[in-house]
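**Student:** Quick one, target.pdb (PDB, C-alpha atoms and all ligand atoms):
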ATOM      1  CA  MET A   1     141.286 -99.950  72.588
ATOM      2  CA  LYS A   2     139.469 -96.624  72.448
ATOM      3  CA  PRO A   3     141.740 -93.821  73.738
ATOM      4  CA  THR A   4     140.458 -91.707  76.618
ATOM      5  CA  LEU A   5     140.103 -87.930  76.434
ATOM      6  CA  ALA A   6     143.124 -87.563  78.759
ATOM      7  CA  GLN A   7     145.222 -89.797  76.485
ATOM      8  CA  LEU A   8     144.182 -87.838  73.408
ATOM      9  CA  LEU A   9     145.101 -84.535  75.069
ATOM     10  CA  ALA A  10     148.504 -85.874  76.110
ATOM     11  CA  SER A  11     149.328 -87.392  72.712
ATOM     12  CA  ARG A  12     148.412 -84.198  70.839
ATOM     13  CA  GLN A  13     150.322 -81.980  73.268
ATOM     14  CA  ALA A  14     153.445 -84.105  72.797
ATOM     15  CA  ARG A  15     153.515 -83.300  69.063
ATOM     16  CA  LEU A  16     152.467 -79.641  69.064
ATOM     17  CA  PRO A  17     154.815 -76.835  68.077
ATOM     18  CA  GLN A  18     156.217 -74.790  70.958
ATOM     19  CA  LEU A  19     154.106 -72.031  72.508
ATOM     20  CA  THR A  20     150.863 -73.496  71.161
ATOM     21  CA  ASP A  21     147.792 -74.080  73.324
ATOM     22  CA  ALA A  22     145.103 -74.350  70.633
ATOM     23  CA  TYR A  23     144.691 -77.549  68.616
ATOM     24  CA  ARG A  24     142.281 -80.281  67.568
ATOM     25  CA  VAL A  25     141.991 -82.975  70.220
ATOM     26  CA  SER A  26     139.787 -85.376  68.279
ATOM     27  CA  ASP A  27     138.665 -85.165  64.679
ATOM     28  CA  GLY A  28     135.667 -87.456  64.313
ATOM     29  CA  SER A  29     137.378 -90.378  66.037
ATOM     30  CA  PRO A  30     137.056 -92.259  68.395
ATOM     31  CA  TRP A  31     133.681 -90.500  68.766
ATOM     32  CA  ALA A  32     132.069 -90.344  65.325
ATOM     33  CA  GLU A  33     130.687 -86.932  64.291
ATOM     34  CA  VAL A  34     132.307 -85.311  67.345
ATOM     35  CA  PHE A  35     135.132 -82.771  66.968
ATOM     36  CA  ILE A  36     136.968 -81.471  70.020
ATOM     37  CA  ASP A  37     139.225 -78.423  70.045
ATOM     38  CA  ALA A  38     141.432 -77.271  72.896
ATOM     39  CA  LEU A  39     141.484 -73.484  73.210
ATOM     40  CA  ALA A  40     143.835 -72.565  76.066
ATOM     41  CA  GLU A  41     142.057 -73.844  79.243
ATOM     42  CA  ARG A  42     138.790 -74.531  77.452
ATOM     43  CA  LEU A  43     137.474 -77.365  75.310
ATOM     44  CA  LEU A  44     135.053 -76.762  72.474
ATOM     45  CA  VAL A  45     133.076 -79.863  71.524
ATOM     46  CA  SER A  46     131.329 -79.632  68.147
ATOM     47  CA  LEU A  47     128.658 -82.182  67.381
ATOM     48  CA  ARG A  48     127.216 -83.222  64.049
ATOM     49  CA  GLY A  49     124.686 -85.577  65.628
ATOM     50  CA  SER A  50     122.236 -84.438  68.242
ATOM     51  CA  THR A  51     123.548 -86.344  71.265
ATOM     52  CA  LEU A  52     126.855 -86.352  73.049
ATOM     53  CA  PRO A  53     128.166 -89.926  73.590
ATOM     54  CA  THR A  54     127.638 -90.816  77.278
ATOM     55  CA  ASP A  55     131.220 -91.960  77.896
ATOM     56  CA  LEU A  56     132.580 -88.715  76.450
ATOM     57  CA  HIS A  57     130.140 -86.622  78.487
ATOM     58  CA  GLN A  58     131.371 -88.313  81.655
ATOM     59  CA  GLN A  59     135.038 -87.790  80.747
ATOM     60  CA  LEU A  60     134.393 -84.127  79.976
ATOM     61  CA  GLN A  61     132.786 -83.671  83.396
ATOM     62  CA  GLU A  62     135.701 -85.439  85.098
ATOM     63  CA  SER A  63     138.325 -83.412  83.186
ATOM     64  CA  GLY A  64     137.741 -80.327  85.340
ATOM     65  CA  LEU A  65     138.119 -78.209  82.197
ATOM     66  CA  CYS A  66     135.744 -75.500  81.045
ATOM     67  CA  VAL A  67     133.756 -77.207  78.289
ATOM     68  CA  TYR A  68     131.562 -75.621  75.628
ATOM     69  CA  LEU A  69     129.249 -77.466  73.245
ATOM     70  CA  LYS A  70     128.363 -76.429  69.702
ATOM     71  CA  GLN A  71     125.820 -78.008  67.347
ATOM     72  CA  LEU A  72     127.119 -78.171  63.769
ATOM     73  CA  ASP A  73     124.042 -79.197  61.817
ATOM     74  CA  ASN A  74     121.380 -76.796  63.089
ATOM     75  CA  ASP A  75     119.707 -74.623  60.460
ATOM     76  CA  VAL A  76     120.256 -71.678  62.772
ATOM     77  CA  LYS A  77     123.961 -71.401  63.525
ATOM     78  CA  LEU A  78     124.141 -70.740  67.258
ATOM     79  CA  PRO A  79     127.184 -69.877  69.394
ATOM     80  CA  PRO A  80     128.541 -72.609  71.694
ATOM     81  CA  GLN A  81     126.918 -73.090  75.109
ATOM     82  CA  HIS A  82     128.740 -73.780  78.372
ATOM     83  CA  LEU A  83     128.361 -77.498  79.142
ATOM     84  CA  CYS A  84     130.383 -78.176  82.301
ATOM     85  CA  GLY A  85     133.428 -77.213  84.328
ATOM     86  CA  PRO A  86     134.441 -73.790  85.598
ATOM     87  CA  VAL A  87     132.824 -70.750  84.019
ATOM     88  CA  LEU A  88     135.666 -68.680  82.531
ATOM     89  CA  PRO A  89     135.572 -65.346  80.683
ATOM     90  CA  PRO A  90     134.147 -65.893  77.185
ATOM     91  CA  ARG A  91     136.805 -63.650  75.609
ATOM     92  CA  PHE A  92     140.377 -64.842  76.059
ATOM     93  CA  PRO A  93     143.666 -65.223  74.159
ATOM     94  CA  ILE A  94     145.082 -68.436  72.727
ATOM     95  CA  CYS A  95     148.666 -68.910  71.651
ATOM     96  CA  GLU A  96     149.847 -70.553  68.428
ATOM     97  CA  ASN A  97     153.553 -70.720  67.608
ATOM     98  CA  GLY A  98     154.019 -67.859  70.063
ATOM     99  CA  VAL A  99     151.389 -65.658  68.352
ATOM    100  CA  ARG A 100     148.375 -64.570  70.402
ATOM    101  CA  TYR A 101     144.833 -64.445  69.017
ATOM    102  CA  ILE A 102     141.654 -63.364  70.808
ATOM    103  CA  MET A 103     138.856 -65.939  70.976
ATOM    104  CA  ASP A 104     135.264 -65.171  71.823
ATOM    105  CA  MET A 105     132.820 -67.907  72.761
ATOM    106  CA  GLU A 106     129.938 -65.446  72.459
ATOM    107  CA  ALA A 107     130.916 -63.996  69.065
ATOM    108  CA  GLY A 108     128.600 -66.281  67.122
ATOM    109  CA  TYR A 109     129.174 -69.525  65.280
ATOM    110  CA  SER A 110     132.957 -69.061  64.806
ATOM    111  CA  GLN A 111     135.196 -68.266  67.766
ATOM    112  CA  GLY A 112     137.979 -66.259  66.130
ATOM    113  CA  ILE A 113     140.389 -68.687  64.520
ATOM    114  CA  PHE A 114     140.330 -71.665  62.166
ATOM    115  CA  LEU A 115     142.767 -74.093  63.751
ATOM    116  CA  ASP A 116     143.139 -76.120  60.542
ATOM    117  CA  GLN A 117     145.136 -73.221  59.024
ATOM    118  CA  ARG A 118     147.938 -73.437  61.631
ATOM    119  CA  GLU A 119     150.614 -74.720  59.212
ATOM    120  CA  ASN A 120     149.596 -72.201  56.546
ATOM    121  CA  ARG A 121     149.857 -69.337  59.039
ATOM    122  CA  ALA A 122     153.345 -70.563  60.026
ATOM    123  CA  GLU A 123     154.362 -70.759  56.354
ATOM    124  CA  VAL A 124     153.076 -67.214  55.694
ATOM    125  CA  ARG A 125     155.269 -66.019  58.554
ATOM    126  CA  ARG A 126     158.291 -67.927  57.180
ATOM    127  CA  ARG A 127     157.790 -66.540  53.669
ATOM    128  CA  CYS A 128     157.380 -62.873  54.650
ATOM    129  CA  ILE A 129     160.374 -60.615  55.208
ATOM    130  CA  PRO A 130     160.481 -56.973  56.292
ATOM    131  CA  GLY A 131     158.982 -54.951  53.471
ATOM    132  CA  THR A 132     156.832 -57.726  51.958
ATOM    133  CA  THR A 133     153.417 -56.357  51.000
ATOM    134  CA  LEU A 134     150.677 -58.893  51.741
ATOM    135  CA  LEU A 135     146.993 -58.741  50.858
ATOM    136  CA  ASN A 136     144.797 -60.926  53.087
ATOM    137  CA  THR A 137     141.379 -61.371  51.462
ATOM    138  CA  PHE A 138     138.309 -62.874  53.223
ATOM    139  CA  ALA A 139     140.410 -62.089  56.278
ATOM    140  CA  TYR A 140     137.913 -62.838  59.093
ATOM    141  CA  THR A 141     139.883 -61.900  62.278
ATOM    142  CA  GLY A 142     143.056 -61.344  60.266
ATOM    143  CA  ALA A 143     145.159 -64.238  61.584
ATOM    144  CA  PHE A 144     147.185 -64.402  58.341
ATOM    145  CA  SER A 145     147.767 -60.636  58.511
ATOM    146  CA  VAL A 146     149.059 -60.953  62.071
ATOM    147  CA  CYS A 147     151.560 -63.659  61.042
ATOM    148  CA  ALA A 148     152.772 -61.623  58.076
ATOM    149  CA  ALA A 149     153.055 -58.486  60.215
ATOM    150  CA  MET A 150     155.046 -60.446  62.836
ATOM    151  CA  ALA A 151     157.618 -61.099  60.082
ATOM    152  CA  GLY A 152     157.783 -57.417  59.176
ATOM    153  CA  ALA A 153     155.345 -57.373  56.243
ATOM    154  CA  THR A 154     153.027 -54.454  55.552
ATOM    155  CA  THR A 155     149.564 -55.970  55.388
ATOM    156  CA  THR A 156     146.274 -55.045  53.763
ATOM    157  CA  THR A 157     143.356 -56.828  55.428
ATOM    158  CA  LEU A 158     140.119 -57.115  53.495
ATOM    159  CA  ASP A 159     136.725 -58.337  54.701
ATOM    160  CA  LEU A 160     133.030 -57.577  54.211
ATOM    161  CA  ALA A 161     132.456 -57.271  57.951
ATOM    162  CA  GLN A 162     133.678 -54.271  59.931
ATOM    163  CA  PRO A 163     133.751 -56.225  63.255
ATOM    164  CA  CYS A 164     136.282 -58.615  61.658
ATOM    165  CA  LEU A 165     138.594 -55.713  60.795
ATOM    166  CA  THR A 166     138.288 -54.378  64.361
ATOM    167  CA  TRP A 167     139.086 -57.865  65.690
ATOM    168  CA  CYS A 168     142.146 -58.049  63.414
ATOM    169  CA  ARG A 169     143.431 -54.761  64.838
ATOM    170  CA  GLU A 170     142.989 -56.199  68.352
ATOM    171  CA  ASN A 171     144.869 -59.366  67.351
ATOM    172  CA  MET A 172     147.721 -57.209  66.064
ATOM    173  CA  GLN A 173     147.807 -55.222  69.317
ATOM    174  CA  GLN A 174     147.930 -58.482  71.304
ATOM    175  CA  ASN A 175     151.258 -59.128  69.562
ATOM    176  CA  GLY A 176     152.746 -55.661  69.909
ATOM    177  CA  ILE A 177     151.999 -54.699  66.292
ATOM    178  CA  ASP A 178     150.752 -51.177  65.622
ATOM    179  CA  PRO A 179     147.630 -51.504  63.398
ATOM    180  CA  ALA A 180     148.092 -47.895  62.252
ATOM    181  CA  LYS A 181     151.063 -49.126  60.179
ATOM    182  CA  HIS A 182     148.778 -51.535  58.287
ATOM    183  CA  TYR A 183     145.833 -51.130  55.908
ATOM    184  CA  PHE A 184     142.244 -52.294  56.342
ATOM    185  CA  CYS A 185     139.601 -52.412  53.596
ATOM    186  CA  LYS A 186     135.932 -53.113  54.194
ATOM    187  CA  GLY A 187     133.924 -54.531  51.304
ATOM    188  CA  ASP A 188     133.648 -57.210  48.672
ATOM    189  CA  VAL A 189     136.853 -58.971  47.650
ATOM    190  CA  LEU A 190     136.106 -59.078  43.892
ATOM    191  CA  HIS A 191     135.223 -55.390  43.943
ATOM    192  CA  TRP A 192     138.487 -54.484  45.741
ATOM    193  CA  LEU A 193     140.629 -56.731  43.501
ATOM    194  CA  GLU A 194     139.191 -54.998  40.417
ATOM    195  CA  ARG A 195     139.839 -51.616  42.016
ATOM    196  CA  PHE A 196     143.458 -52.498  42.939
ATOM    197  CA  ALA A 197     144.072 -53.746  39.363
ATOM    198  CA  ARG A 198     142.651 -50.510  37.880
ATOM    199  CA  GLN A 199     144.924 -48.497  40.173
ATOM    200  CA  GLY A 200     147.932 -50.645  39.201
ATOM    201  CA  ARG A 201     148.364 -51.581  42.866
ATOM    202  CA  GLN A 202     150.377 -54.784  43.340
ATOM    203  CA  PHE A 203     151.220 -57.000  46.308
ATOM    204  CA  ASP A 204     154.137 -59.404  46.864
ATOM    205  CA  ALA A 205     151.818 -61.928  48.478
ATOM    206  CA  ILE A 206     148.073 -62.618  48.433
ATOM    207  CA  VAL A 207     146.056 -64.929  50.683
ATOM    208  CA  LEU A 208     142.839 -66.367  49.226
ATOM    209  CA  ASP A 209     140.815 -68.325  51.780
ATOM    210  CA  PRO A 210     137.171 -67.670  50.890
ATOM    211  CA  PRO A 211     134.061 -69.206  52.406
ATOM    212  CA  THR A 212     132.497 -71.960  50.280
ATOM    213  CA  PHE A 213     129.529 -69.731  49.574
ATOM    214  CA  SER A 214     129.138 -66.005  49.895
ATOM    215  CA  ARG A 215     127.113 -63.016  48.767
ATOM    216  CA  ASP A 216     128.696 -59.717  47.866
ATOM    217  CA  GLU A 217     127.336 -56.328  48.934
ATOM    218  CA  LYS A 218     124.863 -56.378  46.029
ATOM    219  CA  GLY A 219     123.581 -59.850  46.966
ATOM    220  CA  ARG A 220     125.310 -61.628  44.079
ATOM    221  CA  ILE A 221     126.150 -65.236  44.936
ATOM    222  CA  TRP A 222     129.698 -66.561  44.860
ATOM    223  CA  ARG A 223     130.568 -70.285  45.049
ATOM    224  CA  VAL A 224     134.016 -71.891  45.358
ATOM    225  CA  GLU A 225     133.203 -74.787  42.958
ATOM    226  CA  ARG A 226     132.182 -72.361  40.225
ATOM    227  CA  ASP A 227     134.141 -69.173  40.832
ATOM    228  CA  TYR A 228     137.528 -69.967  42.393
ATOM    229  CA  ALA A 229     139.482 -69.788  39.094
ATOM    230  CA  LYS A 230     137.984 -66.346  38.432
ATOM    231  CA  LEU A 231     138.965 -65.214  41.935
ATOM    232  CA  VAL A 232     142.557 -66.437  41.437
ATOM    233  CA  ALA A 233     142.744 -64.646  38.070
ATOM    234  CA  LYS A 234     141.532 -61.362  39.600
ATOM    235  CA  ALA A 235     144.071 -61.727  42.416
ATOM    236  CA  ALA A 236     146.855 -62.627  39.942
ATOM    237  CA  ALA A 237     146.262 -59.278  38.238
ATOM    238  CA  CYS A 238     147.332 -57.624  41.525
ATOM    239  CA  LEU A 239     150.366 -59.839  42.180
ATOM    240  CA  ALA A 240     153.824 -58.286  41.801
ATOM    241  CA  PRO A 241     156.361 -60.071  39.560
ATOM    242  CA  GLY A 242     157.946 -62.955  41.520
ATOM    243  CA  GLY A 243     155.091 -62.858  44.051
ATOM    244  CA  TRP A 244     153.231 -65.751  45.656
ATOM    245  CA  MET A 245     149.695 -66.663  46.501
ATOM    246  CA  LEU A 246     148.215 -68.936  49.159
ATOM    247  CA  CYS A 247     145.063 -70.563  47.752
ATOM    248  CA  THR A 248     142.959 -72.616  50.137
ATOM    249  CA  THR A 249     139.419 -73.901  50.427
ATOM    250  CA  ASN A 250     137.526 -76.074  52.870
ATOM    251  CA  CYS A 251     134.949 -76.971  50.218
ATOM    252  CA  ARG A 252     134.236 -80.668  50.676
ATOM    253  CA  LYS A 253     132.536 -81.006  47.284
ATOM    254  CA  LEU A 254     135.701 -80.022  45.436
ATOM    255  CA  SER A 255     138.394 -82.689  44.873
ATOM    256  CA  THR A 256     142.070 -81.834  45.338
ATOM    257  CA  GLY A 257     142.603 -82.350  41.584
ATOM    258  CA  ALA A 258     139.720 -80.094  40.572
ATOM    259  CA  PHE A 259     140.918 -77.396  42.986
ATOM    260  CA  ARG A 260     144.454 -77.581  41.595
ATOM    261  CA  ARG A 261     143.099 -77.218  38.048
ATOM    262  CA  MET A 262     141.133 -74.106  39.046
ATOM    263  CA  VAL A 263     144.193 -72.504  40.636
ATOM    264  CA  ALA A 264     146.332 -73.395  37.581
ATOM    265  CA  GLU A 265     143.714 -71.860  35.294
ATOM    266  CA  GLY A 266     143.644 -68.636  37.338
ATOM    267  CA  ILE A 267     147.396 -68.160  37.536
ATOM    268  CA  PRO A 268     148.998 -69.766  34.476
ATOM    269  CA  GLY A 269     152.772 -70.204  34.650
ATOM    270  CA  ALA A 270     152.905 -70.370  38.451
ATOM    271  CA  GLN A 271     154.692 -73.186  40.247
ATOM    272  CA  LEU A 272     152.093 -74.969  42.360
ATOM    273  CA  ARG A 273     152.736 -76.929  45.548
ATOM    274  CA  SER A 274     150.030 -78.654  47.592
ATOM    275  CA  ALA A 275     150.303 -78.880  51.372
ATOM    276  CA  PRO A 276     148.626 -81.275  53.836
ATOM    277  CA  MET A 277     146.468 -80.464  56.862
ATOM    278  CA  PRO A 278     148.050 -80.217  60.342
ATOM    279  CA  PHE A 279     148.727 -83.592  62.071
ATOM    280  CA  ASP A 280     145.932 -83.089  64.622
ATOM    281  CA  PHE A 281     143.335 -82.913  61.813
ATOM    282  CA  ASP A 282     143.522 -86.643  61.147
ATOM    283  CA  GLY A 283     139.899 -87.147  60.039
ATOM    284  CA  GLU A 284     138.533 -86.173  56.642
ATOM    285  CA  PRO A 285     141.192 -84.174  54.688
ATOM    286  CA  TYR A 286     138.728 -81.466  53.587
ATOM    287  CA  LEU A 287     141.113 -78.486  53.569
ATOM    288  CA  LYS A 288     142.935 -78.027  50.268
ATOM    289  CA  THR A 289     146.008 -75.809  50.160
ATOM    290  CA  ILE A 290     148.064 -74.698  47.188
ATOM    291  CA  TRP A 291     151.042 -72.361  47.286
ATOM    292  CA  ALA A 292     151.410 -70.657  43.899
ATOM    293  CA  ASP A 293     154.819 -69.077  43.196
ATOM    294  CA  MET A 294     155.426 -66.904  40.150
TER     295      MET A 294
HETATM  296  C1  LIG A 301     136.006 -68.673  56.086
HETATM  297  S1  LIG A 301     136.214 -67.069  56.738
HETATM  298  C2  LIG A 301     137.836 -66.771  56.226
HETATM  299  C3  LIG A 301     138.833 -67.306  57.218
HETATM  300  C4  LIG A 301     140.132 -66.557  57.251
HETATM  301  N1  LIG A 301     140.794 -66.608  55.967
HETATM  302  C5  LIG A 301     141.041 -67.064  58.352
HETATM  303  O1  LIG A 301     142.063 -67.686  58.065
HETATM  304  O2  LIG A 301     140.704 -66.869  59.522
HETATM  305  C6  LIG A 301     135.241 -66.114  55.655
HETATM  306  C7  LIG A 301     135.369 -64.584  55.810
HETATM  307  O3  LIG A 301     135.089 -64.036  54.533
HETATM  308  C8  LIG A 301     134.310 -62.866  54.685
HETATM  309  N2  LIG A 301     133.583 -62.688  53.425
HETATM  310  C9  LIG A 301     132.585 -63.441  52.922
HETATM  311  N3  LIG A 301     132.244 -63.019  51.705
HETATM  312  C10 LIG A 301     133.040 -61.967  51.410
HETATM  313  C11 LIG A 301     133.177 -61.106  50.289
HETATM  314  N4  LIG A 301     132.393 -61.253  49.223
HETATM  315  N5  LIG A 301     134.110 -60.145  50.325
HETATM  316  C12 LIG A 301     134.889 -59.972  51.439
HETATM  317  N6  LIG A 301     134.824 -60.772  52.520
HETATM  318  C13 LIG A 301     133.913 -61.747  52.500
HETATM  319  C14 LIG A 301     133.432 -63.111  55.891
HETATM  320  O4  LIG A 301     133.021 -61.891  56.480
HETATM  321  C15 LIG A 301     134.388 -63.939  56.777
HETATM  322  O5  LIG A 301     135.069 -63.117  57.676
END
Please render this file's structure as structure tokens.
**Tutor:**
Amino acid sequence: MKPTLAQLLASRQARLPQLTDAYRVSDGSPWAEVFIDALAERLLVSLRGSTLPTDLHQQLQESGLCVYLKQLDNDVKLPPQHLCGPVLPPRFPICENGVRYIMDMEAGYSQGIFLDQRENRAEVRRRCIPGTTLLNTFAYTGAFSVCAAMAGATTTTLDLAQPCLTWCRENMQQNGIDPAKHYFCKGDVLHWLERFARQGRQFDAIVLDPPTFSRDEKGRIWRVERDYAKLVAKAAACLAPGGWMLCTTNCRKLSTGAFRRMVAEGIPGAQLRSAPMPFDFDGEPYLKTIWADM
């Protein structure tokens, strides 16, 4: 029998880590092409098709929760729209493993965190110790930096977009971390990696979680399927002896095997370990994760 929304919420909540109120409620099943995330007291429903299934719409209305709807396949990527339930402030904190992150329903297409990286964030926190130096590239709102900083690491957060760096500072402050004790670099990742290598600057840990497709400041195109090995190699040149790298991609076109080969090519001699997606992402296993230890 098809589970109800209430049953899905209860079964996910029963398996979540402590102090976590953000998770995937349904991942393309039982409603095909519909993905529901719980973000504190709100639900975010993302749709690949154009219509919301009627039975789901009714259950969302009956849930009494604040529900937002986002269209995934529009050419123009629009922010989610309020669908039903109470109207709550669009900017609010969520909690994951006791770490707070600011969400913003009006920030654009992405709301501040990628929930599918929950286990990787927890592992970054476990691996860091006071004094670890961590470089977080393609940082977005700096969630990996926050986790590393919570464990006592000194972080360098790197992104093309200044608002992302500002958001990262706010996420740190939410958790009692002083951003002034951390470093922030605005600009292109490849450019900064080359600069760090020239300066002989090395990090104990590097996070590589790029978008599938990007343009640098000069408009040059970068694609995961073509350029990931080169990115890993440039990062490896900035990795301290005995350091580690988190390599991930959500590129659906790339197989796990092909991704592993690219990472191995970029950082020869490293010990590689793949990791699965969190339990609540039980649909297509699109996120590939490799931990590379030197
Ligand atoms: C998929 S998000 C990364 C998610 C992030 N790692 C996390 O866990 O939240 C992509 C980010 O990469 C940044 N970005 C895209 N191209 C870039 C480039 N060439 N150099 C630096 N940052 C870039 C974007 O501004 C965006 O914040």
**Student:** Please identify the residues whose atoms come within 9 Å of ligand LIG 301 (chain A), using only C-alpha atoms and all ligand atoms, and report them as a PyMOL selection string.
**Tutor:** chain A and resi 110+112-118+120-121+136-144+158-165+186-192+207-217+220-222+248-250
**Student:** Can you turn the PyMOL selection byres (((chain A and resi 45) around 6) and not hetatm) into a concrete residue list for this file, as JSON, numbers by chain?
**Tutor:** {"A": [35, 36, 44, 46, 69]}
**Student:** For the structure provided, state which residues fall under the PyMOL selection byres (((chain A and resi 22) around 12) and not hetatm), and present them as a VMD selection string.
**Tutor:** chain A and resid 9 12 to 13 16 to 21 23 to 25 36 to 44 92 to 103 111 to 118 280
**Student:** Counting only C-alpha atoms, figure out which residue out of A:Cys168, A:Ala270, A:Ala107, A:Ala10 gets nearest to Val232 in chain A.
**Tutor:**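 Checking each of A:Cys168, A:Ala270, A:Ala107, A:Ala10 against Val232 in chain A, counting only C-alpha atoms, the winner is A:Ala270.
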**Student:** Between A:Lys2, A:Arg127, A:Lys288, A:Arg91, which residue has the minimum interatomic distance to Ser255 in chain A, considering all atoms listed in the file?
**Tutor:**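 Selected residue with least distance to Ser255 in chain A: A:Lys288.
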**Student:** Expressed in Å to a single decimal, how great is the separation between CA of Phe279 in chain A and CA of Glu123 in chain A?
**Tutor:**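 Interatomic distance, CA of Phe279 in chain A to CA of Glu123 in chain A: 15.1 Å.
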**Student:** Quote the spacing between CA of Val67 in chain A and CA of Asn171 in chain A in Å to one decimal place.
**Tutor:**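 Those two atoms sit 23.7 Å apart.
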**Student:** At what distance in Å, to one decimal, does CA of Asp227 in chain A lie from CA of Asp73 in chain A?
**Tutor:**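 Computing it gives 25.4 Å between the two atoms.
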**Student:** So which one's closest to Met245 in chain A, A:Met294, A:Leu287, A:Arg260, A:Lys218? Using all atoms listed in the file, please.
**Tutor:**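 Selected residue with least distance to Met245 in chain A: A:Met294.
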**Student:** What are the centre and the three edge lengths of an axis-aligned box that wraps all atoms of range 215-226 of chain A in the file, given that 6 Å is added to every side, written as JSON and rounded to one decimal in Å?
**Tutor:**
{"center_x": 128.8, "center_y": -65.6, "center_z": 44.6, "size_x": 22.4, "size_y": 30.5, "size_z": 20.7}
**Student:** Around (132.6, -74.3, 85.8), as given in the file, which residues come within 9 Å? Count only C-alpha atoms and list them as a JSON list (two decimals) with C-alpha atoms, in the coordinates of the input.
**Tutor:**
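result30.json, written as the output of this step:
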[["chain", "number", "residue", "atom", "x", "y", "z"],
["A", 64, "GLY", "CA", 137.74, -80.33, 85.34],
["A", 65, "LEU", "CA", 138.12, -78.21, 82.20],
["A", 66, "CYS", "CA", 135.74, -75.50, 81.04],
["A", 67, "VAL", "CA", 133.76, -77.21, 78.29],
["A", 82, "HIS", "CA", 128.74, -73.78, 78.37],
["A", 83, "LEU", "CA", 128.36, -77.50, 79.14],
["A", 84, "CYS", "CA", 130.38, -78.18, 82.30],
["A", 85, "GLY", "CA", 133.43, -77.21, 84.33],
["A", 86, "PRO", "CA", 134.44, -73.79, 85.60],
["A", 87, "VAL", "CA", 132.82, -70.75, 84.02],
["A", 88, "LEU", "CA", 135.67, -68.68, 82.53]]
**Student:** Would you please work out which residue, of A:Gly176, A:Tyr109, A:Pro268, A:Ala205, is nearest to Arg125 in chain A when using all atoms listed in the file?
**Tutor:**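 Under the stated criterion, the closest residue is A:Ala205.
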**Student:** Identify the residues within 12 Å of coordinate (153.8, -56.7, 37.2) (same frame as the file), considering all atoms listed in the file, and give the answer as a list in words.
**Tutor:**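 All residues meeting the 12 Å criterion around (153.8, -56.7, 37.2) are Ala197, Gly200, Arg201, Gln202, Phe203, Asp204, Ala236, Ala237, Cys238, Leu239, Ala240, Pro241, Gly242, Gly243 and Met294 of chain A.
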**Student:** I need the residue nearest Ile290 in chain A from this list: A:Leu135, A:Ala180, A:Val146, A:Met277. Use only C-alpha atoms for the distance.
**Tutor:**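 Ranking A:Leu135, A:Ala180, A:Val146, A:Met277 by distance to Ile290 in chain A, first place goes to A:Met277.
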**Student:** Return the single residue from A:Ala32, A:Leu272, A:Cys147, A:Leu5 that is closest to Ser63 in chain A, with distances computed using all atoms listed in the file.
**Tutor:**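 The answer is A:Leu5, which sits nearest to Ser63 in chain A.
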**Student:** Would you mind listing what lies within 9 Å of range 52-57 of chain A as a PyMOL selection string, with all atoms listed in the file counted and same-chain residues fewer than 4 positions away left out?
**Tutor:** chain A and resi 4-5+31+34+47+61-62
